[in-house]
$ cat my_file.pdb   # PDB, C-alpha atoms
ATOM      1  CA  MET U   1      71.990 220.977 -93.270
ATOM      2  CA  GLY U   2      70.379 223.929 -95.060
ATOM      3  CA  LYS U   3      67.485 224.013 -97.459
ATOM      4  CA  THR U   4      67.650 221.440-100.268
ATOM      5  CA  PRO U   5      68.544 223.532-103.312
ATOM      6  CA  PHE U   6      66.959 221.307-105.924
ATOM      7  CA  LEU U   7      63.856 219.454-104.748
ATOM      8  CA  THR U   8      62.937 218.200-108.215
ATOM      9  CA  ILE U   9      65.379 217.827-111.094
ATOM     10  CA  LEU U  10      63.897 217.509-114.574
ATOM     11  CA  LEU U  11      66.269 215.569-116.828
ATOM     12  CA  ALA U  12      65.661 215.485-120.575
ATOM     13  CA  VAL U  13      66.849 212.434-122.529
ATOM     14  CA  ASP U  14      66.552 211.730-126.246
ATOM     15  CA  GLY U  15      68.329 208.406-126.705
ATOM     16  CA  GLY U  16      71.418 210.127-128.105
ATOM     17  CA  GLU U  17      75.070 209.519-127.286
ATOM     18  CA  SER U  18      75.202 212.345-124.760
ATOM     19  CA  ASP U  19      72.377 210.980-122.587
ATOM     20  CA  ARG U  20      74.733 209.032-120.347
ATOM     21  CA  ALA U  21      76.977 211.970-119.381
ATOM     22  CA  THR U  22      74.005 214.283-118.921
ATOM     23  CA  ALA U  23      72.150 211.735-116.798
ATOM     24  CA  GLU U  24      75.232 211.053-114.661
ATOM     25  CA  THR U  25      75.572 214.772-113.905
ATOM     26  CA  ALA U  26      71.891 215.046-112.990
ATOM     27  CA  MET U  27      72.101 211.943-110.790
ATOM     28  CA  GLU U  28      75.199 213.195-108.985
ATOM     29  CA  LEU U  29      73.331 216.390-108.151
ATOM     30  CA  ALA U  30      70.230 214.458-107.108
ATOM     31  CA  GLU U  31      72.293 212.278-104.776
ATOM     32  CA  LEU U  32      74.024 215.293-103.270
ATOM     33  CA  CYS U  33      70.812 217.250-102.759
ATOM     34  CA  GLY U  34      68.409 214.407-101.979
ATOM     35  CA  SER U  35      66.330 215.473-104.985
ATOM     36  CA  ARG U  36      63.747 213.492-106.836
ATOM     37  CA  MET U  37      64.222 213.116-110.581
ATOM     38  CA  VAL U  38      61.638 213.395-113.301
ATOM     39  CA  ILE U  39      63.060 212.079-116.555
ATOM     40  CA  LEU U  40      61.414 213.332-119.719
ATOM     41  CA  ASN U  41      61.591 212.318-123.353
ATOM     42  CA  VAL U  42      59.954 214.456-125.997
ATOM     43  CA  VAL U  43      58.895 212.955-129.312
ATOM     44  CA  ASP U  44      59.700 215.837-131.639
ATOM     45  CA  ARG U  45      56.935 216.078-134.241
ATOM     46  CA  SER U  46      59.045 218.320-136.483
ATOM     47  CA  LEU U  47      61.690 215.599-136.546
ATOM     48  CA  VAL U  48      59.067 213.185-137.899
ATOM     49  CA  ASN U  49      58.499 215.535-140.822
ATOM     50  CA  ARG U  50      62.224 215.967-141.432
ATOM     51  CA  LEU U  51      62.909 212.226-141.310
ATOM     52  CA  LYS U  52      60.121 211.236-143.680
ATOM     53  CA  ARG U  53      62.099 212.802-146.546
ATOM     54  CA  PHE U  54      64.800 210.182-146.061
ATOM     55  CA  THR U  55      62.728 207.009-145.683
ATOM     56  CA  ASP U  56      59.843 205.074-147.193
ATOM     57  CA  GLU U  57      58.234 204.722-143.764
ATOM     58  CA  SER U  58      54.994 206.540-143.019
ATOM     59  CA  PRO U  59      54.955 209.406-140.501
ATOM     60  CA  THR U  60      53.073 207.117-138.111
ATOM     61  CA  GLU U  61      55.781 204.456-138.344
ATOM     62  CA  ILE U  62      58.526 207.046-137.828
ATOM     63  CA  GLU U  63      56.717 208.474-134.808
ATOM     64  CA  MET U  64      56.287 205.000-133.328
ATOM     65  CA  GLU U  65      60.020 204.342-133.739
ATOM     66  CA  LEU U  66      60.852 207.629-132.022
ATOM     67  CA  GLU U  67      58.417 206.804-129.217
ATOM     68  CA  GLU U  68      59.984 203.392-128.650
ATOM     69  CA  LYS U  69      63.528 204.784-128.777
ATOM     70  CA  GLY U  70      62.455 207.441-126.288
ATOM     71  CA  TRP U  71      60.914 204.937-123.879
ATOM     72  CA  ARG U  72      64.071 202.811-124.071
ATOM     73  CA  ALA U  73      66.152 205.871-123.135
ATOM     74  CA  LEU U  74      63.744 206.632-120.290
ATOM     75  CA  TYR U  75      63.873 203.122-118.833
ATOM     76  CA  HIS U  76      67.652 203.015-119.234
ATOM     77  CA  ALA U  77      68.044 206.244-117.259
ATOM     78  CA  GLU U  78      65.401 205.198-114.724
ATOM     79  CA  GLU U  79      67.192 201.931-113.963
ATOM     80  CA  ARG U  80      70.497 203.730-113.325
ATOM     81  CA  SER U  81      68.800 206.369-111.227
ATOM     82  CA  LYS U  82      66.843 203.936-109.052
ATOM     83  CA  ASP U  83      69.969 201.762-108.681
ATOM     84  CA  LYS U  84      71.492 204.794-106.965
ATOM     85  CA  GLY U  85      68.475 205.062-104.659
ATOM     86  CA  ILE U  86      67.126 208.236-106.282
ATOM     87  CA  ARG U  87      63.353 208.727-106.338
ATOM     88  CA  THR U  88      62.539 208.732-110.046
ATOM     89  CA  LEU U  89      59.583 209.130-112.365
ATOM     90  CA  ILE U  90      59.634 208.875-116.159
ATOM     91  CA  THR U  91      57.360 210.401-118.750
ATOM     92  CA  GLN U  92      57.070 210.995-122.480
ATOM     93  CA  ARG U  93      55.444 213.938-124.224
ATOM     94  CA  HIS U  94      54.888 214.859-127.867
ATOM     95  CA  GLY U  95      55.537 218.250-129.407
ATOM     96  CA  VAL U  96      58.249 220.881-129.622
ATOM     97  CA  PRO U  97      61.038 219.802-127.227
ATOM     98  CA  GLU U  98      61.659 223.124-125.478
ATOM     99  CA  ASN U  99      57.921 223.803-125.097
ATOM    100  CA  GLU U 100      57.284 220.362-123.640
ATOM    101  CA  MET U 101      60.258 220.647-121.280
ATOM    102  CA  LEU U 102      58.916 223.971-120.015
ATOM    103  CA  ALA U 103      55.419 222.541-119.596
ATOM    104  CA  GLU U 104      56.672 219.493-117.714
ATOM    105  CA  ALA U 105      58.971 221.646-115.566
ATOM    106  CA  GLU U 106      55.956 223.736-114.634
ATOM    107  CA  ARG U 107      53.789 220.661-113.996
ATOM    108  CA  VAL U 108      56.266 218.962-111.663
ATOM    109  CA  LYS U 109      57.480 222.254-110.151
ATOM    110  CA  ALA U 110      61.049 221.525-111.224
ATOM    111  CA  SER U 111      63.769 223.433-109.435
ATOM    112  CA  LEU U 112      66.413 222.563-112.056
ATOM    113  CA  ILE U 113      66.281 221.447-115.686
ATOM    114  CA  VAL U 114      69.232 219.392-116.960
ATOM    115  CA  VAL U 115      69.760 219.029-120.718
ATOM    116  CA  SER U 116      72.574 218.041-123.070
ATOM    117  CA  SER U 117      74.446 220.751-124.881
ATOM    118  CA  PRO U 118      73.620 221.001-128.597
ATOM    119  CA  HIS U 119      77.395 220.597-129.065
ATOM    120  CA  ALA U 120      77.820 217.618-126.726
ATOM    121  CA  VAL U 121      78.593 215.204-129.544
ATOM    122  CA  PRO U 122      80.687 216.831-132.293
ATOM    123  CA  GLY U 123      79.124 216.457-135.705
ATOM    124  CA  GLN U 124      75.845 215.066-134.428
ATOM    125  CA  VAL U 125      72.686 216.975-135.287
ATOM    126  CA  ARG U 126      70.898 217.372-131.983
ATOM    127  CA  ARG U 127      67.159 217.655-131.606
ATOM    128  CA  LEU U 128      67.496 220.489-129.114
ATOM    129  CA  GLY U 129      69.361 222.975-131.329
ATOM    130  CA  PRO U 130      71.021 226.185-130.133
ATOM    131  CA  GLY U 131      67.888 228.247-130.895
ATOM    132  CA  SER U 132      65.710 225.861-128.913
ATOM    133  CA  LEU U 133      68.152 225.924-126.021
ATOM    134  CA  ASP U 134      68.062 229.741-126.016
ATOM    135  CA  ARG U 135      64.254 229.676-125.864
ATOM    136  CA  LEU U 136      64.349 227.125-123.042
ATOM    137  CA  MET U 137      66.804 229.205-121.022
ATOM    138  CA  GLU U 138      64.910 232.432-121.624
ATOM    139  CA  SER U 139      61.528 231.017-120.632
ATOM    140  CA  ALA U 140      62.386 228.581-117.823
ATOM    141  CA  LYS U 141      61.293 229.635-114.357
ATOM    142  CA  CYS U 142      64.124 227.661-112.774
ATOM    143  CA  PRO U 143      67.863 227.269-113.478
ATOM    144  CA  VAL U 144      68.877 225.266-116.542
ATOM    145  CA  LEU U 145      72.050 223.173-116.472
ATOM    146  CA  VAL U 146      73.510 222.428-119.904
ATOM    147  CA  VAL U 147      75.913 219.486-119.890
ATOM    148  CA  ARG U 148      78.676 219.225-122.483
TER     149      ARG U 148
ATOM    150  CA  MET V   1      64.441 190.978-130.377
ATOM    151  CA  LYS V   2      61.293 189.054-129.477
ATOM    152  CA  LYS V   3      57.902 190.676-129.821
ATOM    153  CA  LEU V   4      55.639 191.081-126.791
ATOM    154  CA  GLY V   5      53.255 188.572-128.310
ATOM    155  CA  GLU V   6      56.079 186.022-128.200
ATOM    156  CA  LEU V   7      57.074 186.810-124.619
ATOM    157  CA  LEU V   8      53.511 186.595-123.298
ATOM    158  CA  ASN V   9      51.418 183.469-122.966
ATOM    159  CA  GLU V  10      47.888 182.800-121.735
ATOM    160  CA  ARG V  11      49.075 181.516-118.345
ATOM    161  CA  CYS V  12      50.652 184.926-117.737
ATOM    162  CA  VAL V  13      47.478 186.926-118.331
ATOM    163  CA  VAL V  14      45.405 187.626-115.199
ATOM    164  CA  LEU V  15      42.008 189.134-115.891
ATOM    165  CA  ASP V  16      39.802 191.106-113.500
ATOM    166  CA  PHE V  17      41.771 190.565-110.327
ATOM    167  CA  LYS V  18      40.626 192.344-107.193
ATOM    168  CA  ALA V  19      43.059 194.610-105.365
ATOM    169  CA  ALA V  20      42.459 197.370-102.844
ATOM    170  CA  ASP V  21      45.871 199.002-103.185
ATOM    171  CA  LYS V  22      49.252 198.918-104.898
ATOM    172  CA  LYS V  23      50.650 196.105-102.730
ATOM    173  CA  GLU V  24      47.668 193.857-103.414
ATOM    174  CA  ALA V  25      47.874 194.595-107.146
ATOM    175  CA  LEU V  26      51.534 193.559-107.131
ATOM    176  CA  GLU V  27      50.647 190.380-105.209
ATOM    177  CA  ARG V  28      48.032 189.481-107.829
ATOM    178  CA  ILE V  29      50.283 189.979-110.836
ATOM    179  CA  ILE V  30      53.195 187.970-109.450
ATOM    180  CA  ALA V  31      50.885 185.004-108.812
ATOM    181  CA  PRO V  32      51.449 183.363-112.245
ATOM    182  CA  VAL V  33      55.246 183.328-111.730
ATOM    183  CA  ALA V  34      55.223 182.661-107.988
ATOM    184  CA  GLY V  35      56.166 179.021-108.554
ATOM    185  CA  ALA V  36      59.206 179.884-110.638
ATOM    186  CA  TYR V  37      60.663 182.573-108.373
ATOM    187  CA  ASP V  38      60.780 183.372-104.663
ATOM    188  CA  ALA V  39      57.442 185.190-104.476
ATOM    189  CA  ALA V  40      58.172 186.942-101.179
ATOM    190  CA  ALA V  41      61.527 188.218-102.408
ATOM    191  CA  LEU V  42      60.001 189.274-105.718
ATOM    192  CA  LEU V  43      57.214 191.195-103.982
ATOM    193  CA  LYS V  44      59.721 192.871-101.656
ATOM    194  CA  ALA V  45      61.907 193.907-104.596
ATOM    195  CA  LEU V  46      58.936 195.329-106.481
ATOM    196  CA  ILE V  47      57.686 197.260-103.454
ATOM    197  CA  GLU V  48      61.173 198.676-102.833
ATOM    198  CA  ARG V  49      61.442 199.735-106.456
ATOM    199  CA  GLU V  50      57.977 201.315-106.423
ATOM    200  CA  ALA V  51      58.959 203.245-103.292
ATOM    201  CA  LEU V  52      61.612 204.966-105.412
ATOM    202  CA  GLY V  53      58.970 206.095-107.899
ATOM    203  CA  SER V  54      55.761 204.754-109.317
ATOM    204  CA  THR V  55      55.885 202.780-112.535
ATOM    205  CA  GLY V  56      52.463 204.099-113.493
ATOM    206  CA  ILE V  57      53.160 205.631-116.906
ATOM    207  CA  GLY V  58      49.749 207.242-117.378
ATOM    208  CA  SER V  59      46.467 206.405-119.119
ATOM    209  CA  GLY V  60      45.707 203.732-116.522
ATOM    210  CA  VAL V  61      48.812 201.649-117.285
ATOM    211  CA  ALA V  62      51.628 200.596-114.944
ATOM    212  CA  VAL V  63      54.808 198.695-115.781
ATOM    213  CA  PRO V  64      56.241 197.372-112.505
ATOM    214  CA  HIS V  65      59.667 195.938-113.220
ATOM    215  CA  VAL V  66      62.671 194.497-111.481
ATOM    216  CA  ARG V  67      65.874 192.649-112.374
ATOM    217  CA  LEU V  68      66.608 189.241-110.900
ATOM    218  CA  GLU V  69      69.697 187.016-110.957
ATOM    219  CA  SER V  70      67.597 183.996-111.922
ATOM    220  CA  VAL V  71      66.039 185.597-115.024
ATOM    221  CA  LYS V  72      67.733 184.936-118.363
ATOM    222  CA  GLU V  73      65.313 186.690-120.697
ATOM    223  CA  PRO V  74      62.393 189.029-120.025
ATOM    224  CA  VAL V  75      59.336 187.515-118.339
ATOM    225  CA  ILE V  76      56.063 189.409-118.715
ATOM    226  CA  VAL V  77      52.781 189.079-116.843
ATOM    227  CA  LEU V  78      49.787 191.145-117.887
ATOM    228  CA  GLY V  79      47.192 191.865-115.224
ATOM    229  CA  ARG V  80      43.873 193.654-115.535
ATOM    230  CA  SER V  81      42.171 194.765-112.359
ATOM    231  CA  ALA V  82      38.403 194.622-111.909
ATOM    232  CA  LYS V  83      38.491 198.180-110.579
ATOM    233  CA  PRO V  84      41.158 200.860-111.065
ATOM    234  CA  VAL V  85      43.848 200.830-108.367
ATOM    235  CA  ALA V  86      45.563 203.926-106.934
ATOM    236  CA  PHE V  87      49.160 203.575-108.127
ATOM    237  CA  GLU V  88      50.639 207.101-107.791
ATOM    238  CA  ALA V  89      51.020 207.228-111.566
ATOM    239  CA  ILE V  90      52.666 210.170-113.287
ATOM    240  CA  ASP V  91      49.254 211.516-114.373
ATOM    241  CA  ASP V  92      47.702 210.830-110.939
ATOM    242  CA  GLU V  93      45.131 208.510-112.564
ATOM    243  CA  PRO V  94      44.496 205.051-111.061
ATOM    244  CA  CYS V  95      45.665 202.033-113.050
ATOM    245  CA  SER V  96      43.772 199.067-114.481
ATOM    246  CA  LEU V  97      46.418 197.482-116.728
ATOM    247  CA  PHE V  98      49.617 196.144-115.178
ATOM    248  CA  PHE V  99      52.555 194.754-117.119
ATOM    249  CA  LEU V 100      54.968 193.039-114.744
ATOM    250  CA  VAL V 101      58.390 192.781-116.395
ATOM    251  CA  LEU V 102      61.198 190.702-114.897
ATOM    252  CA  GLY V 103      64.629 191.119-116.443
ATOM    253  CA  PRO V 104      68.139 189.700-116.049
ATOM    254  CA  ALA V 105      70.348 191.262-113.386
ATOM    255  CA  ALA V 106      73.505 191.339-115.503
ATOM    256  CA  LYS V 107      73.963 194.849-116.850
ATOM    257  CA  ASP V 108      75.208 193.554-120.203
ATOM    258  CA  ALA V 109      71.996 191.520-120.699
ATOM    259  CA  GLN V 110      69.455 194.269-120.296
ATOM    260  CA  GLU V 111      68.748 195.264-123.892
ATOM    261  CA  ALA V 112      65.824 192.858-124.265
ATOM    262  CA  TYR V 113      64.448 193.904-120.860
ATOM    263  CA  LEU V 114      64.598 197.630-121.675
ATOM    264  CA  GLY V 115      63.270 196.899-125.155
ATOM    265  CA  ALA V 116      60.280 194.969-123.800
ATOM    266  CA  MET V 117      59.316 197.834-121.486
ATOM    267  CA  ALA V 118      59.762 200.343-124.312
ATOM    268  CA  LYS V 119      57.486 198.269-126.578
ATOM    269  CA  ILE V 120      54.825 197.970-123.858
ATOM    270  CA  SER V 121      54.907 201.701-123.149
ATOM    271  CA  ARG V 122      54.726 202.593-126.831
ATOM    272  CA  LEU V 123      51.863 200.163-127.538
ATOM    273  CA  MET V 124      49.869 201.240-124.506
ATOM    274  CA  ARG V 125      49.882 204.834-125.707
ATOM    275  CA  GLN V 126      47.374 203.682-128.331
ATOM    276  CA  GLN V 127      43.897 203.979-126.905
ATOM    277  CA  ALA V 128      42.512 201.429-129.376
ATOM    278  CA  VAL V 129      44.913 198.779-128.036
ATOM    279  CA  ARG V 130      44.090 199.636-124.420
ATOM    280  CA  ASP V 131      40.382 199.459-125.218
ATOM    281  CA  ARG V 132      40.725 196.010-126.822
ATOM    282  CA  ILE V 133      42.589 194.693-123.790
ATOM    283  CA  MET V 134      40.069 196.247-121.395
ATOM    284  CA  LYS V 135      37.185 194.610-123.259
ATOM    285  CA  ALA V 136      38.834 191.216-123.809
ATOM    286  CA  ALA V 137      36.850 188.325-122.354
ATOM    287  CA  LEU V 138      39.651 185.770-122.347
ATOM    288  CA  PRO V 139      43.459 185.752-122.088
ATOM    289  CA  ALA V 140      43.553 184.584-125.707
ATOM    290  CA  ASP V 141      41.698 187.755-126.727
ATOM    291  CA  VAL V 142      44.280 189.860-124.896
ATOM    292  CA  LEU V 143      47.124 188.123-126.719
ATOM    293  CA  ALA V 144      45.300 188.548-130.030
ATOM    294  CA  ALA V 145      44.958 192.287-129.366
ATOM    295  CA  ILE V 146      48.658 192.632-128.631
ATOM    296  CA  ARG V 147      49.779 190.483-131.568
ATOM    297  CA  SER V 148      47.500 192.365-133.905
ATOM    298  CA  ALA V 149      48.874 195.715-132.708
ATOM    299  CA  GLU V 150      52.431 194.469-133.210
ATOM    300  CA  ALA V 151      51.831 193.007-136.667
TER     301      ALA V 151
END
$ encode --input "my_file.pdb" --output "structure tokens"
Amino acid sequence: MGKTPFLTILLAVDGGESDRATAETAMELAELCGSRMVILNVVDRSLVNRLKRFTDESPTEIEMELEEKGWRALYHAEERSKDKGIRTLITQRHGVPENEMLAEAERVKASLIVVSSPHAVPGQVRRLGPGSLDRLMESAKCPVLVVR
Amino acid sequence: MKKLGELLNERCVVLDFKAADKKEALERIIAPVAGAYDAAALLKALIEREALGSTGIGSGVAVPHVRLESVKEPVIVLGRSAKPVAFEAIDDEPCSLFFLVLGPAAKDAQEAYLGAMAKISRLMRQQAVRDRIMKAALPADVLAAIRSAEA
């Protein structure tokens, strides 16, 4: 057996419909390569500002809802990952998604970043838009796998 | 979905337990439910799960969790250690607050289990809530802190 190609896979989840397919792809790779997984959710502060135009809730309440939705997505993915015997850590960060993904990738020395395609769910406005994905791919120090 | 304050009770709050390492911390926090479940099997399951990745989520908080056939709805135990315990948390900081969460094994009955862990993790991000729990003298004070934060 040669060198393990992906020692640490950073998987980004946001609680959206495409999480499952993206996570399954990351887990298949992790199983094949014997990788550990770090699963990340980013609470997008700009989304809080966009959402507050459509609700009576305060920015703090909106942020708390996003945090809780994010943690649920993290635990959901963690359970599936550990059920497959994959070493897994979960974490949540706040900020601009692509910046936080890059920072976490650096912190955990990720050898692969796995994210959902902005077009994974037709008609759904994704938090990681095409511009953000471009910035992530340009700045990442490791390969980025975009799952449709 | 039930609030944490409804899932917790004073009998399931363990304050200032002494533990030298992760295994001892897990032993201390399963003590309140040891009569209801097979304690040895529960400890083994938790240790196996921790071996696949620490449940230390940062800021001195850990959420050890496992699913069991005999659990119908989430069971939560809150433990506070007298001294921080090395727990291989994501931020490399030792942990002092431990939320043991037991959930149902059936995959179609996990929403409340995942929801409880999400609520704990979200609440424990608030330093003011952590501080209140760290300073609480009695289990009732801990529950009051959590219920107040959830109100």
$ resolve_selection --input "my_file.pdb" --expression "the ChimeraX specification (/U :<8) & /V" --output "list of chain:residue names"
V:Arg49, V:Ala51, V:Leu52, V:Gly53, V:Ser54, V:Thr55, V:Ile57, V:Ile90, V:Leu114, V:Gly115, V:Met117, V:Ala118, V:Lys119, V:Ser121, V:Arg122
$ atom_distance --input "my_file.pdb" --atom1 "CA of Gln127 in chain V" --atom2 "CA of Lys2 in chain V"
23.1 Å
$ residues_near_point --input "my_file.pdb" --point "(44.8, 183.3, -117.8)" --cutoff "10 Å" --atoms "all atoms listed in the file" --output "PyMOL selection string"
chain V and resi 9-15+32+77-79+138-140+142
$ closest_residue --input "my_file.pdb" --among "V:Ala82, V:Ile120, V:Ala39, V:Leu143" --to "Cys95 in chain V" --atoms "all atoms listed in the file"
V:Ala82
$ closest_residue --input "my_file.pdb" --among "V:Leu46, V:Ala34, V:Met134, V:Ala40" --to "Pro84 in chain V" --atoms "all atoms listed in the file"
V:Met134
$ closest_residue --input "my_file.pdb" --among "V:Tyr113, V:Leu102, V:Ala151, V:Glu69" --to "Leu43 in chain V" --atoms "all atoms listed in the file"
V:Leu102
$ resolve_selection --input "my_file.pdb" --expression "the PyMOL selection byres ((chain V and resi 99) around 7)" --output "VMD selection string"
chain V and resid 62 to 64 76 to 79 97 to 98 100 to 101
$ closest_residue --input "my_file.pdb" --among "V:Val66, V:Met124, V:Leu7, V:Val61" --to "Ala106 in chain V" --atoms "only C-alpha atoms"
V:Val66
$ residues_around --input "my_file.pdb" --residues "Ser117 in chain U" --least-positions-apart "5" --cutoff "8 Å" --atoms "all atoms listed in the file" --output "list of chain:residue names"
U:Val146, U:Val147, U:Arg148
$ atom_distance --input "my_file.pdb" --atom1 "CA of Val144 in chain U" --atom2 "CA of Thr22 in chain U"
12.4 Å
$ closest_residue --input "my_file.pdb" --among "V:Asp141, V:Asp131, V:Glu93, V:Asp16" --to "Gly56 in chain V" --atoms "only C-alpha atoms"
V:Glu93
$ atom_distance --input "my_file.pdb" --atom1 "CA of Ala77 in chain U" --atom2 "CA of Cys33 in chain U"
18.4 Å
$ closest_residue --input "my_file.pdb" --among "U:Glu98, U:Ala103, U:Thr60, U:Arg53" --to "Met137 in chain U" --atoms "only C-alpha atoms"
U:Glu98
$ resolve_selection --input "my_file.pdb" --expression "the PyMOL selection byres ((chain U and resi 45) around 8)" --output "PyMOL selection string"
chain U and resi 43-44+46-49+63+94-96
$ residues_around --input "my_file.pdb" --residues "Leu102 in chain U" --least-positions-apart "3" --cutoff "9 Å" --atoms "all atoms listed in the file" --output "number ranges by chain"
U: 97-99, 105-107, 113, 136, 139-141
$ write_last_selection --input "my_file.pdb" --atoms "C-alpha atoms" --output "PDB file, in the frame of the given file"
ATOM      1  CA  PRO U  97      61.038 219.802-127.227  1.00  0.00           C
ATOM      2  CA  GLU U  98      61.659 223.124-125.478  1.00  0.00           C
ATOM      3  CA  ASN U  99      57.921 223.803-125.097  1.00  0.00           C
ATOM      4  CA  ALA U 105      58.971 221.646-115.566  1.00  0.00           C
ATOM      5  CA  GLU U 106      55.956 223.736-114.634  1.00  0.00           C
ATOM      6  CA  ARG U 107      53.789 220.661-113.996  1.00  0.00           C
ATOM      7  CA  ILE U 113      66.281 221.447-115.686  1.00  0.00           C
ATOM      8  CA  LEU U 136      64.349 227.125-123.042  1.00  0.00           C
ATOM      9  CA  SER U 139      61.528 231.017-120.632  1.00  0.00           C
ATOM     10  CA  ALA U 140      62.386 228.581-117.823  1.00  0.00           C
ATOM     11  CA  LYS U 141      61.293 229.635-114.357  1.00  0.00           C
TER      12      LYS U 141
END
$ residues_around --input "my_file.pdb" --residues "Lys83 in chain V" --least-positions-apart "3" --cutoff "8 Å" --atoms "all atoms listed in the file" --output "VMD selection string"
chain V and resid 16 18 to 19 96
$ decode --input "my_file.pdb" --residues "range 133-150 of chain V" --atoms "N, CA and C atoms" --output "short mmCIF file (atom, residue, chain, number, x, y, z; two decimals), in the first residue's frame"
data_model
loop_
_atom_site.label_atom_id
_atom_site.label_comp_id
_atom_site.auth_asym_id
_atom_site.auth_seq_id
_atom_site.Cartn_x
_atom_site.Cartn_y
_atom_site.Cartn_z
N ILE V 133 -22.96 28.13 34.98
CA ILE V 133 -22.91 26.70 35.34
C ILE V 133 -21.65 26.41 36.15
N MET V 134 -20.54 27.02 35.77
CA MET V 134 -19.28 26.79 36.49
C MET V 134 -19.37 27.30 37.94
N LYS V 135 -20.15 28.37 38.14
CA LYS V 135 -20.22 28.95 39.48
C LYS V 135 -21.38 28.39 40.31
N ALA V 136 -22.24 27.61 39.70
CA ALA V 136 -23.43 27.12 40.42
C ALA V 136 -23.03 26.29 41.63
N ALA V 137 -23.72 26.53 42.74
CA ALA V 137 -23.42 25.79 43.97
C ALA V 137 -24.19 24.48 44.03
N LEU V 138 -25.37 24.47 43.45
CA LEU V 138 -26.26 23.31 43.57
C LEU V 138 -26.79 22.89 42.19
N PRO V 139 -27.18 21.62 42.05
CA PRO V 139 -27.80 21.20 40.78
C PRO V 139 -28.98 22.10 40.38
N ALA V 140 -29.75 22.54 41.35
CA ALA V 140 -30.89 23.40 41.03
C ALA V 140 -30.43 24.71 40.38
N ASP V 141 -29.28 25.21 40.80
CA ASP V 141 -28.74 26.44 40.20
C ASP V 141 -28.31 26.20 38.74
N VAL V 142 -27.79 25.01 38.49
CA VAL V 142 -27.40 24.65 37.12
C VAL V 142 -28.64 24.63 36.23
N LEU V 143 -29.69 23.96 36.72
CA LEU V 143 -30.92 23.88 35.92
C LEU V 143 -31.51 25.27 35.70
N ALA V 144 -31.44 26.11 36.73
CA ALA V 144 -31.96 27.48 36.59
C ALA V 144 -31.18 28.24 35.51
N ALA V 145 -29.88 28.04 35.48
CA ALA V 145 -29.05 28.72 34.47
C ALA V 145 -29.44 28.29 33.06
N ILE V 146 -29.66 26.99 32.91
CA ILE V 146 -30.01 26.46 31.58
C ILE V 146 -31.41 26.92 31.18
N ARG V 147 -32.35 26.83 32.12
CA ARG V 147 -33.73 27.22 31.80
C ARG V 147 -33.82 28.71 31.49
N SER V 148 -33.06 29.48 32.21
CA SER V 148 -33.04 30.92 31.96
C SER V 148 -32.46 31.23 30.58
N ALA V 149 -31.41 30.51 30.20
CA ALA V 149 -30.79 30.74 28.89
C ALA V 149 -31.71 30.32 27.76
N GLU V 150 -32.56 29.32 28.04
CA GLU V 150 -33.47 28.82 27.00
C GLU V 150 -34.77 29.62 26.91
#
